[in-house]
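Shown next: data_16.csv, containing CSV, C-alpha atoms.
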chain,number,residue,atom,x,y,z
A,1,MET,CA,-19.8,-42.0,18.4
A,2,CYS,CA,-18.1,-40.6,15.4
A,3,ILE,CA,-17.4,-37.0,16.1
A,4,ASP,CA,-17.8,-35.9,12.5
A,5,CYS,CA,-20.9,-37.6,11.2
A,6,GLY,CA,-22.6,-38.8,14.3
A,7,CYS,CA,-22.6,-42.5,13.5
A,8,GLY,CA,-22.5,-44.9,16.5
A,9,PRO,CA,-19.7,-47.4,17.3
A,10,THR,CA,-22.0,-50.4,17.2
A,11,ASP,CA,-23.7,-49.8,13.8
A,12,HIS,CA,-20.6,-48.3,12.3
A,13,HIS,CA,-20.0,-49.5,8.7
A,14,HIS,CA,-16.8,-48.3,7.2
A,15,ASP,CA,-18.2,-48.6,3.7
A,16,HIS,CA,-20.8,-45.9,4.0
A,17,ASP,CA,-21.3,-43.9,0.9
A,18,HIS,CA,-20.9,-40.3,2.2
A,19,LYS,CA,-17.6,-38.6,1.9
A,20,HIS,CA,-15.5,-37.9,4.9
A,21,ASP,CA,-11.9,-36.8,5.3
A,22,HIS,CA,-11.6,-37.9,8.9
A,23,ALA,CA,-9.7,-41.0,10.1
A,24,HIS,CA,-11.7,-44.0,11.1
A,25,ASP,CA,-9.8,-44.9,14.2
A,26,HIS,CA,-12.4,-43.5,16.5
A,27,GLY,CA,-14.5,-46.7,16.9
A,28,LYS,CA,-12.4,-47.6,19.9
A,29,GLY,CA,-13.2,-44.3,21.6
A,30,LYS,CA,-15.4,-44.5,24.6
A,31,LYS,CA,-18.0,-41.9,25.2
A,32,ILE,CA,-18.3,-40.4,28.7
A,33,ASN,CA,-21.1,-38.2,29.9
A,34,ILE,CA,-19.9,-35.4,32.1
A,35,GLU,CA,-22.6,-32.8,32.3
A,36,GLU,CA,-20.5,-30.4,34.4
A,37,ASP,CA,-21.0,-26.7,34.5
A,38,LEU,CA,-17.9,-24.9,33.3
A,39,LEU,CA,-18.3,-22.3,36.0
A,40,ALA,CA,-18.9,-25.0,38.6
A,41,LYS,CA,-15.6,-24.4,40.3
A,42,ASN,CA,-16.1,-20.7,40.6
A,43,ASN,CA,-19.7,-21.3,41.7
A,44,ARG,CA,-18.6,-23.7,44.4
A,45,LEU,CA,-16.0,-21.3,45.7
A,46,ALA,CA,-18.6,-18.5,45.6
A,47,MET,CA,-21.0,-20.7,47.7
A,48,ASN,CA,-18.2,-21.1,50.2
A,49,ASN,CA,-17.7,-17.3,50.3
A,50,ARG,CA,-21.4,-16.8,50.7
A,51,GLN,CA,-21.7,-19.2,53.6
A,52,LEU,CA,-18.8,-17.4,55.3
A,53,PHE,CA,-20.4,-14.0,54.8
A,54,GLN,CA,-23.7,-15.3,56.0
A,55,LYS,CA,-22.1,-16.7,59.2
A,56,LYS,CA,-20.5,-13.3,59.9
A,57,GLY,CA,-23.7,-11.4,59.1
A,58,LEU,CA,-22.0,-9.5,56.4
A,59,LEU,CA,-23.7,-7.5,53.6
A,60,VAL,CA,-21.5,-8.0,50.5
A,61,LEU,CA,-21.8,-5.8,47.4
A,62,ASN,CA,-20.1,-6.4,44.1
A,63,LEU,CA,-19.6,-3.0,42.4
A,64,VAL,CA,-19.4,-3.3,38.6
A,65,SER,CA,-19.1,-0.6,35.9
A,66,SER,CA,-17.0,0.6,33.0
A,67,PRO,CA,-13.6,2.1,33.9
A,68,GLY,CA,-14.0,5.7,35.1
A,69,SER,CA,-17.6,5.6,36.3
A,70,GLY,CA,-16.5,6.9,39.7
A,71,LYS,CA,-16.7,3.7,41.8
A,72,THR,CA,-13.7,4.5,43.9
A,73,THR,CA,-14.8,8.1,44.6
A,74,LEU,CA,-18.3,6.7,45.5
A,75,LEU,CA,-16.6,4.3,47.9
A,76,GLU,CA,-14.4,7.0,49.4
A,77,THR,CA,-17.4,9.3,49.9
A,78,THR,CA,-19.6,6.5,51.4
A,79,LEU,CA,-16.8,5.4,53.8
A,80,LYS,CA,-16.1,8.9,55.0
A,81,ASP,CA,-19.8,9.5,55.7
A,82,LEU,CA,-20.7,6.1,57.2
A,83,GLN,CA,-17.6,4.6,58.8
A,84,GLY,CA,-18.6,6.0,62.2
A,85,GLU,CA,-21.9,4.1,61.9
A,86,LEU,CA,-20.9,0.8,60.1
A,87,GLY,CA,-17.8,-1.4,59.9
A,88,PHE,CA,-16.5,-1.5,56.3
A,89,ALA,CA,-13.9,-3.5,54.5
A,90,VAL,CA,-13.0,-3.0,50.8
A,91,LEU,CA,-11.6,-5.3,48.2
A,92,GLU,CA,-10.2,-3.5,45.2
A,93,GLY,CA,-9.8,-5.3,41.8
A,94,ASP,CA,-7.6,-3.8,39.1
A,95,GLN,CA,-5.3,-5.3,36.5
A,96,GLN,CA,-2.4,-3.3,37.9
A,97,THR,CA,-1.4,-0.9,40.7
A,98,SER,CA,-2.6,-0.5,44.2
A,99,ASN,CA,-3.8,3.1,43.6
A,100,ASP,CA,-7.4,2.4,44.5
A,101,ALA,CA,-6.6,0.4,47.7
A,102,ASP,CA,-4.3,3.2,48.7
A,103,ARG,CA,-7.1,5.7,48.3
A,104,ILE,CA,-9.5,3.6,50.3
A,105,ALA,CA,-6.9,2.9,53.0
A,106,ALA,CA,-6.4,6.7,53.4
A,107,THR,CA,-10.0,6.9,54.7
A,108,GLY,CA,-9.0,4.6,57.5
A,109,VAL,CA,-11.0,1.6,56.3
A,110,PRO,CA,-9.3,-1.7,55.8
A,111,ALA,CA,-8.6,-2.2,52.1
A,112,HIS,CA,-6.9,-4.9,50.1
A,113,GLN,CA,-5.9,-4.7,46.5
A,114,ILE,CA,-6.2,-7.7,44.1
A,115,ASN,CA,-4.3,-7.4,40.9
A,116,THR,CA,-5.7,-9.6,38.2
A,117,GLY,CA,-2.8,-9.1,35.8
A,118,ALA,CA,-4.1,-10.2,32.4
A,119,GLY,CA,-7.5,-11.1,33.9
A,120,CYS,CA,-10.6,-9.1,33.1
A,121,HIS,CA,-12.6,-9.9,36.2
A,122,LEU,CA,-12.5,-10.9,39.8
A,123,ASP,CA,-13.4,-14.5,40.6
A,124,ALA,CA,-14.6,-16.3,43.8
A,125,HIS,CA,-11.2,-17.7,44.4
A,126,MET,CA,-9.5,-14.3,44.5
A,127,VAL,CA,-12.2,-13.0,46.8
A,128,GLY,CA,-12.0,-16.0,49.2
A,129,HIS,CA,-8.3,-15.2,49.7
A,130,GLY,CA,-8.8,-11.5,49.6
A,131,VAL,CA,-11.1,-11.5,52.7
A,132,GLU,CA,-8.4,-13.3,54.7
A,133,HIS,CA,-6.9,-9.9,55.1
A,134,PHE,CA,-9.8,-8.6,57.1
A,135,ASP,CA,-11.3,-9.1,60.5
A,136,LEU,CA,-14.8,-10.1,59.4
A,137,ASP,CA,-16.1,-10.0,63.0
A,138,LYS,CA,-15.6,-6.3,62.9
A,139,THR,CA,-17.1,-5.9,59.5
A,140,ASP,CA,-20.7,-5.1,58.6
A,141,VAL,CA,-20.4,-4.3,54.9
A,142,LEU,CA,-17.8,-5.7,52.5
A,143,MET,CA,-17.5,-3.7,49.3
A,144,ILE,CA,-15.9,-5.4,46.3
A,145,GLU,CA,-14.9,-3.1,43.6
A,146,ASN,CA,-14.6,-5.2,40.5
A,147,VAL,CA,-12.4,-4.6,37.6
A,148,GLY,CA,-13.8,-1.8,35.4
A,149,ASN,CA,-15.5,-4.0,32.7
A,150,LEU,CA,-19.1,-4.3,31.8
A,151,VAL,CA,-18.7,-7.7,30.2
A,152,CYS,CA,-16.9,-10.6,32.0
A,153,PRO,CA,-17.7,-9.7,35.7
A,154,ALA,CA,-21.4,-10.5,34.9
A,155,SER,CA,-20.6,-14.2,34.6
A,156,PHE,CA,-18.6,-14.6,37.8
A,157,ASP,CA,-20.4,-15.0,41.1
A,158,LEU,CA,-18.2,-13.9,44.0
A,159,GLY,CA,-20.6,-14.8,46.8
A,160,GLU,CA,-22.1,-11.3,47.0
A,161,ASP,CA,-25.6,-10.4,48.1
A,162,CYS,CA,-26.0,-7.8,45.3
A,163,LYS,CA,-24.3,-6.6,42.2
A,164,VAL,CA,-24.4,-2.8,42.0
A,165,ALA,CA,-23.9,-1.4,38.5
A,166,VAL,CA,-22.5,2.2,38.5
A,167,LEU,CA,-23.1,4.2,35.4
A,168,SER,CA,-22.0,7.8,35.1
A,169,VAL,CA,-23.9,10.3,33.0
A,170,THR,CA,-20.8,10.9,30.8
A,171,GLU,CA,-21.1,7.4,29.4
A,172,GLY,CA,-24.3,7.6,27.4
A,173,GLU,CA,-27.8,6.5,28.4
A,174,ASP,CA,-27.8,3.4,26.2
A,175,LYS,CA,-25.2,1.5,28.3
A,176,PRO,CA,-27.9,-0.9,29.7
A,177,LEU,CA,-28.9,-1.9,26.1
A,178,LYS,CA,-25.3,-2.3,25.0
A,179,TYR,CA,-24.3,-4.4,28.0
A,180,PRO,CA,-27.6,-6.1,28.9
A,181,GLN,CA,-26.1,-9.0,30.7
A,182,MET,CA,-24.5,-6.9,33.4
A,183,PHE,CA,-27.6,-4.8,34.0
A,184,ARG,CA,-29.7,-7.9,34.1
A,185,ALA,CA,-27.4,-9.4,36.7
A,186,SER,CA,-27.5,-6.3,38.9
A,187,ASN,CA,-29.9,-5.5,41.7
A,188,LEU,CA,-29.2,-1.8,41.8
A,189,MET,CA,-28.1,0.8,39.2
A,190,LEU,CA,-26.5,3.9,40.5
A,191,ILE,CA,-26.5,6.8,38.1
A,192,ASN,CA,-23.4,8.8,39.1
A,193,LYS,CA,-21.9,12.2,38.4
A,194,LEU,CA,-25.4,13.8,38.4
A,195,ASP,CA,-23.7,17.2,38.8
A,196,LEU,CA,-22.4,17.1,35.3
A,197,MET,CA,-25.9,16.8,33.8
A,198,PRO,CA,-26.1,20.5,32.7
A,199,HIS,CA,-23.1,20.0,30.5
A,200,LEU,CA,-24.3,16.8,28.8
A,201,ARG,CA,-27.2,15.5,26.7
A,202,PHE,CA,-27.7,12.5,28.8
A,203,ASP,CA,-31.4,11.4,28.9
A,204,LEU,CA,-32.0,10.2,32.4
A,205,GLU,CA,-35.5,8.9,31.7
A,206,LYS,CA,-34.4,6.9,28.7
A,207,CYS,CA,-31.5,5.4,30.7
A,208,CYS,CA,-33.9,4.2,33.4
A,209,ASN,CA,-36.3,2.8,30.8
A,210,TYR,CA,-33.5,1.0,29.1
A,211,ALA,CA,-32.3,-0.5,32.4
A,212,LYS,CA,-35.9,-1.6,33.3
A,213,ARG,CA,-36.2,-3.1,29.8
A,214,VAL,CA,-33.3,-5.5,30.4
A,215,ASN,CA,-34.2,-6.0,34.1
A,216,PRO,CA,-37.7,-5.1,35.2
A,217,GLU,CA,-36.7,-5.6,38.8
A,218,ILE,CA,-33.6,-3.4,38.9
A,219,GLU,CA,-33.7,-0.6,41.5
A,220,ILE,CA,-32.3,2.8,40.4
A,221,LEU,CA,-30.8,5.6,42.4
A,222,GLU,CA,-29.3,8.8,41.1
A,223,LEU,CA,-26.5,10.6,42.9
A,224,SER,CA,-23.5,12.9,42.8
A,225,CYS,CA,-20.5,12.5,45.1
A,226,TYR,CA,-19.5,16.0,44.3
A,227,THR,CA,-22.6,17.8,45.4
A,228,GLY,CA,-23.9,15.1,47.8
A,229,GLU,CA,-27.2,14.9,45.9
A,230,GLY,CA,-28.9,11.5,46.3
A,231,LEU,CA,-26.3,10.1,48.7
A,232,GLU,CA,-28.7,9.8,51.6
A,233,LYS,CA,-31.0,7.6,49.5
A,234,TRP,CA,-28.0,5.3,48.7
A,235,TYR,CA,-27.1,5.2,52.3
A,236,ASP,CA,-30.7,4.3,53.3
A,237,TRP,CA,-30.6,1.5,50.7
A,238,LEU,CA,-27.4,0.2,52.2
A,239,ARG,CA,-28.8,0.4,55.7
A,240,SER,CA,-32.0,-1.4,54.7
A,241,LYS,CA,-30.1,-4.2,52.9
A,242,LEU,CA,-27.9,-4.7,56.0
A,243,ALA,CA,-30.9,-4.7,58.3
A,244,ALA,CA,-32.4,-7.5,56.2
A,245,LYS,CA,-29.2,-9.5,56.6
A,246,LYS,CA,-28.9,-9.2,60.3
B,1,MET,CA,-11.0,-12.4,27.4
B,2,HIS,CA,-12.4,-14.8,30.1
B,3,GLU,CA,-12.6,-17.6,27.5
B,4,LEU,CA,-9.1,-18.5,28.5
B,5,GLY,CA,-10.2,-19.3,32.1
B,6,ILE,CA,-13.3,-21.1,30.7
B,7,THR,CA,-11.1,-23.2,28.4
B,8,GLU,CA,-8.8,-24.0,31.3
B,9,SER,CA,-11.9,-25.4,33.1
B,10,ILE,CA,-12.8,-27.5,30.1
B,11,VAL,CA,-9.3,-29.0,30.0
B,12,GLU,CA,-9.2,-29.5,33.8
B,13,ILE,CA,-12.6,-31.2,34.0
B,14,ALA,CA,-11.9,-33.4,31.0
B,15,GLU,CA,-8.5,-34.4,32.1
B,16,ARG,CA,-9.7,-35.3,35.6
B,17,THR,CA,-12.5,-37.4,34.2
B,18,ALA,CA,-10.1,-39.1,31.7
B,19,LYS,CA,-7.7,-40.0,34.5
B,20,GLN,CA,-10.6,-41.5,36.6
B,21,GLN,CA,-11.4,-43.6,33.5
B,22,GLN,CA,-7.7,-44.5,33.1
B,23,ALA,CA,-7.8,-43.2,29.5
B,24,SER,CA,-4.6,-42.7,27.6
B,25,LYS,CA,-6.0,-39.9,25.5
B,26,VAL,CA,-9.0,-37.7,25.0
B,27,LEU,CA,-10.3,-37.8,21.4
B,28,SER,CA,-13.0,-35.1,21.6
B,29,VAL,CA,-14.8,-32.9,24.1
B,30,THR,CA,-18.3,-31.6,23.6
B,31,VAL,CA,-19.3,-28.4,25.2
B,32,GLU,CA,-22.7,-26.6,25.2
B,33,VAL,CA,-22.5,-22.8,24.8
B,34,GLY,CA,-25.6,-20.8,25.2
B,35,SER,CA,-26.1,-17.8,22.9
B,36,LEU,CA,-26.4,-15.6,25.9
B,37,SER,CA,-23.6,-17.1,28.0
B,38,GLY,CA,-21.2,-14.3,27.3
B,39,VAL,CA,-18.7,-16.7,25.8
B,40,VAL,CA,-17.6,-16.5,22.1
B,41,PRO,CA,-17.2,-20.0,20.7
B,42,GLU,CA,-14.4,-18.9,18.3
B,43,ALA,CA,-12.4,-17.6,21.3
B,44,LEU,CA,-12.8,-21.0,23.0
B,45,GLU,CA,-11.5,-22.7,19.9
B,46,PHE,CA,-8.6,-20.2,19.8
B,47,CYS,CA,-7.7,-21.0,23.4
B,48,PHE,CA,-8.2,-24.7,23.3
B,49,GLU,CA,-5.1,-25.6,21.4
B,50,ALA,CA,-2.8,-23.7,23.7
B,51,CYS,CA,-4.6,-24.9,26.9
B,52,SER,CA,-4.6,-28.6,25.9
B,53,LYS,CA,-0.9,-28.8,25.0
B,54,GLY,CA,0.9,-31.3,27.2
B,55,THR,CA,-2.3,-32.8,28.6
B,56,LEU,CA,-4.4,-35.8,27.7
B,57,LEU,CA,-6.4,-33.5,25.5
B,58,GLU,CA,-3.6,-32.6,23.2
B,59,GLY,CA,-4.8,-33.1,19.7
B,60,ALA,CA,-8.4,-33.6,20.8
B,61,GLN,CA,-11.3,-32.0,18.9
B,62,LEU,CA,-13.3,-29.4,20.7
B,63,LEU,CA,-16.9,-29.7,19.6
B,64,ILE,CA,-19.1,-26.8,20.4
B,65,GLU,CA,-22.9,-27.2,20.5
B,66,LYS,CA,-24.6,-23.8,20.4
B,67,VAL,CA,-27.7,-23.6,22.5
B,68,ALA,CA,-30.4,-21.1,21.3
B,69,ALA,CA,-32.0,-18.8,23.8
B,70,ARG,CA,-35.7,-19.2,24.7
B,71,ALA,CA,-37.8,-17.1,27.1
B,72,ARG,CA,-41.2,-17.1,28.6
B,73,CYS,CA,-43.2,-13.9,28.6
B,74,ARG,CA,-44.1,-12.8,32.1
B,75,ASP,CA,-47.3,-11.2,30.9
B,76,CYS,CA,-48.9,-13.7,28.5
B,77,ALA,CA,-46.8,-16.8,29.3
B,78,ARG,CA,-46.0,-17.4,25.7
B,79,GLU,CA,-42.6,-19.1,25.1
B,80,PHE,CA,-40.5,-17.7,22.3
B,81,PRO,CA,-36.9,-17.8,20.9
B,82,LEU,CA,-34.8,-14.7,21.4
B,83,ASP,CA,-31.6,-13.4,19.7
B,84,ASP,CA,-30.7,-11.1,22.5
B,85,LEU,CA,-31.8,-9.9,25.9
B,86,LEU,CA,-33.7,-7.0,24.4
B,87,ALA,CA,-36.2,-9.0,22.5
B,88,CYS,CA,-39.9,-8.4,23.3
B,89,CYS,CA,-42.7,-11.0,23.3
B,90,PRO,CA,-43.8,-11.5,19.7
B,91,VAL,CA,-47.4,-11.8,20.8
B,92,CYS,CA,-48.1,-9.1,23.4
B,93,ARG,CA,-44.9,-7.0,22.9
B,94,SER,CA,-44.1,-7.1,26.6
B,95,ALA,CA,-40.4,-6.6,27.4
B,96,ALA,CA,-40.6,-8.6,30.7
B,97,SER,CA,-39.6,-12.2,30.1
B,98,GLU,CA,-38.0,-15.0,32.0
B,99,LEU,CA,-35.0,-16.7,30.4
B,100,LEU,CA,-35.5,-20.5,29.9
B,101,SER,CA,-32.3,-21.3,28.1
B,102,GLY,CA,-29.3,-19.6,26.4
B,103,GLU,CA,-27.0,-19.2,29.4
B,104,GLU,CA,-25.6,-22.7,29.2
B,105,LEU,CA,-21.9,-23.2,29.7
B,106,ARG,CA,-21.4,-26.9,30.2
B,107,ILE,CA,-19.0,-29.6,29.3
B,108,LYS,CA,-21.4,-32.3,28.1
B,109,GLU,CA,-19.4,-35.4,27.1
B,110,MET,CA,-16.2,-36.6,25.8
B,111,GLU,CA,-14.7,-39.5,23.9
B,112,ILE,CA,-11.7,-41.2,25.3
B,113,ASP,CA,-9.2,-43.8,24.2
In structure tokens, write the structure found in this file.
Amino acid sequence: MCIDCGCGPTDHHHDHDHKHDHAHDHGKGKKINIEEDLLAKNNRLAMNNRQLFQKKGLLVLNLVSSPGSGKTTLLETTLKDLQGELGFAVLEGDQQTSNDADRIAATGVPAHQINTGAGCHLDAHMVGHGVEHFDLDKTDVLMIENVGNLVCPASFDLGEDCKVAVLSVTEGEDKPLKYPQMFRASNLMLINKLDLMPHLRFDLEKCCNYAKRVNPEIEILELSCYTGEGLEKWYDWLRSKLAAKK
Amino acid sequence: MHELGITESIVEIAERTAKQQQASKVLSVTVEVGSLSGVVPEALEFCFEACSKGTLLEGAQLLIEKVAARARCRDCAREFPLDDLLACCPVCRSAASELLSGEELRIKEMEID
């Protein structure tokens, strides 16, 4: 088929009366149907990851947020409080530095840093190799801290059970509306840094309504790693998700 | 800018298929991009020239077919087009809807020589 005007190779007359500026050497071109998803490779690798995680009875969470929402602090706090009870491993995604993995490793939990360089998200291939650094038989929960970015990580399945979107109250309550794709793809929204509420004009109720508007099924928890408020509910959520996997 | 990785997939899939077909050259590749796929068509075009250099796709045309998003209201079951994920049902104003199309990101066909 002609790629400019859509005329087919069999009924193709070169004396047609409409104007075109394209060359007419395309009649010899052969059309091939492909119908392949452009994310197929990532999705296939994510499926491999998911099968491995399933076999090992792992709960896998993909933590997504903007930079600076407090994901790493949330992880540090969670690991300190629960590592006596559950086996954790943490994959850290950042463009550069091993700062976050170093912070996690300081808690005593196995951590591995993935540097994406120019990349704006983790993909299933990186995660598949990242978990080779862990003894998954000793792991109950794998936490994947994605690159701080509310756009691209929404499109890349890593093989996780749930995406957890972390939103801090310093960011503005309309984040779910501004980045609906991410909040639609997430199973849980954690509203973080609750202790800062007295200093801000963040409308908690509006934020929850906005999130429910883009994703009626999303669960919402509010917490502060600084005061500890709401952490027990988050831990109960983790325990119940893990129990459902086992 | 994950369009770069997506464009690499286009080139990879098309080149693999072209080799299977023993083609000497790819003349055009058609991809379907949903309006809610999170991919900007202009960015794909921008990356395509660089990614196709030195492959069977060098000089090929990248044809992008935009796919409009449609949803079905979960409350009244009406199907309707939507411009973004925040659109409400035009009939009952419900915000709860199920996406029917708009997330496509597929290489559809190509023309080889």
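Between atom CA of B:Gln21 and atom CA of B:Ala50 lies a distance of 23.8 Å.
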Distance-based interface of chain B with chain A, 6 Å, counting all atoms listed in the file, as a PDB file with C-alpha atoms, in the coordinates of the input:
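Saved the output as selection_10.pdb:
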ATOM      1  CA  ALA B  95     -40.400  -6.600  27.400  1.00  0.00           C
ATOM      2  CA  LEU B 105     -21.900 -23.200  29.700  1.00  0.00           C
ATOM      3  CA  ARG B 106     -21.400 -26.900  30.200  1.00  0.00           C
ATOM      4  CA  ILE B 107     -19.000 -29.600  29.300  1.00  0.00           C
ATOM      5  CA  LYS B 108     -21.400 -32.300  28.100  1.00  0.00           C
ATOM      6  CA  GLU B 109     -19.400 -35.400  27.100  1.00  0.00           C
ATOM      7  CA  MET B 110     -16.200 -36.600  25.800  1.00  0.00           C
ATOM      8  CA  GLU B 111     -14.700 -39.500  23.900  1.00  0.00           C
ATOM      9  CA  ILE B 112     -11.700 -41.200  25.300  1.00  0.00           C
ATOM     10  CA  ASP B 113      -9.200 -43.800  24.200  1.00  0.00           C
TER      11      ASP B 113
END
Compile the contact shell of B:Ala69 as an MDAnalysis selection string: residues with an atom at most 10 Å away, counting only C-alpha atoms, same-chain residues fewer than 4 positions apart removed.
chainID B and resid 34:37 80:85 99:104
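Using all atoms listed in the file, the smallest distance between any of A:Leu79, A:Ala106, A:Leu158, A:Ala89 and A:Asn48 comes from A:Leu158.
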Considering all atoms listed in the file, give me a table of residues in chain B that are at most 12 Å from stretch 122-129 of chain A, with the closest atom pair and distance in Å for each, as CSV.
residue,atom,partner,partner_atom,distance
B:His2,CA,A:Leu122,CA,10.5
B:Gly5,CA,A:Asp123,CA,10.3
B:Ile6,CA,A:Asp123,CA,11.9
Can you work out the spacing between atom CA of B:Glu98 and atom CA of A:Ala165 in Å, to one decimal?
20.6 Å
So that I can see what lies close to B:Glu49, please list as JSON, numbers by chain the residues with an atom at most 10 Å from it, counting only C-alpha atoms and leaving out residues fewer than 2 positions away in the same chain.
{"B": [7, 44, 45, 46, 47, 51, 52, 53, 57, 58, 59, 60, 61, 62]}
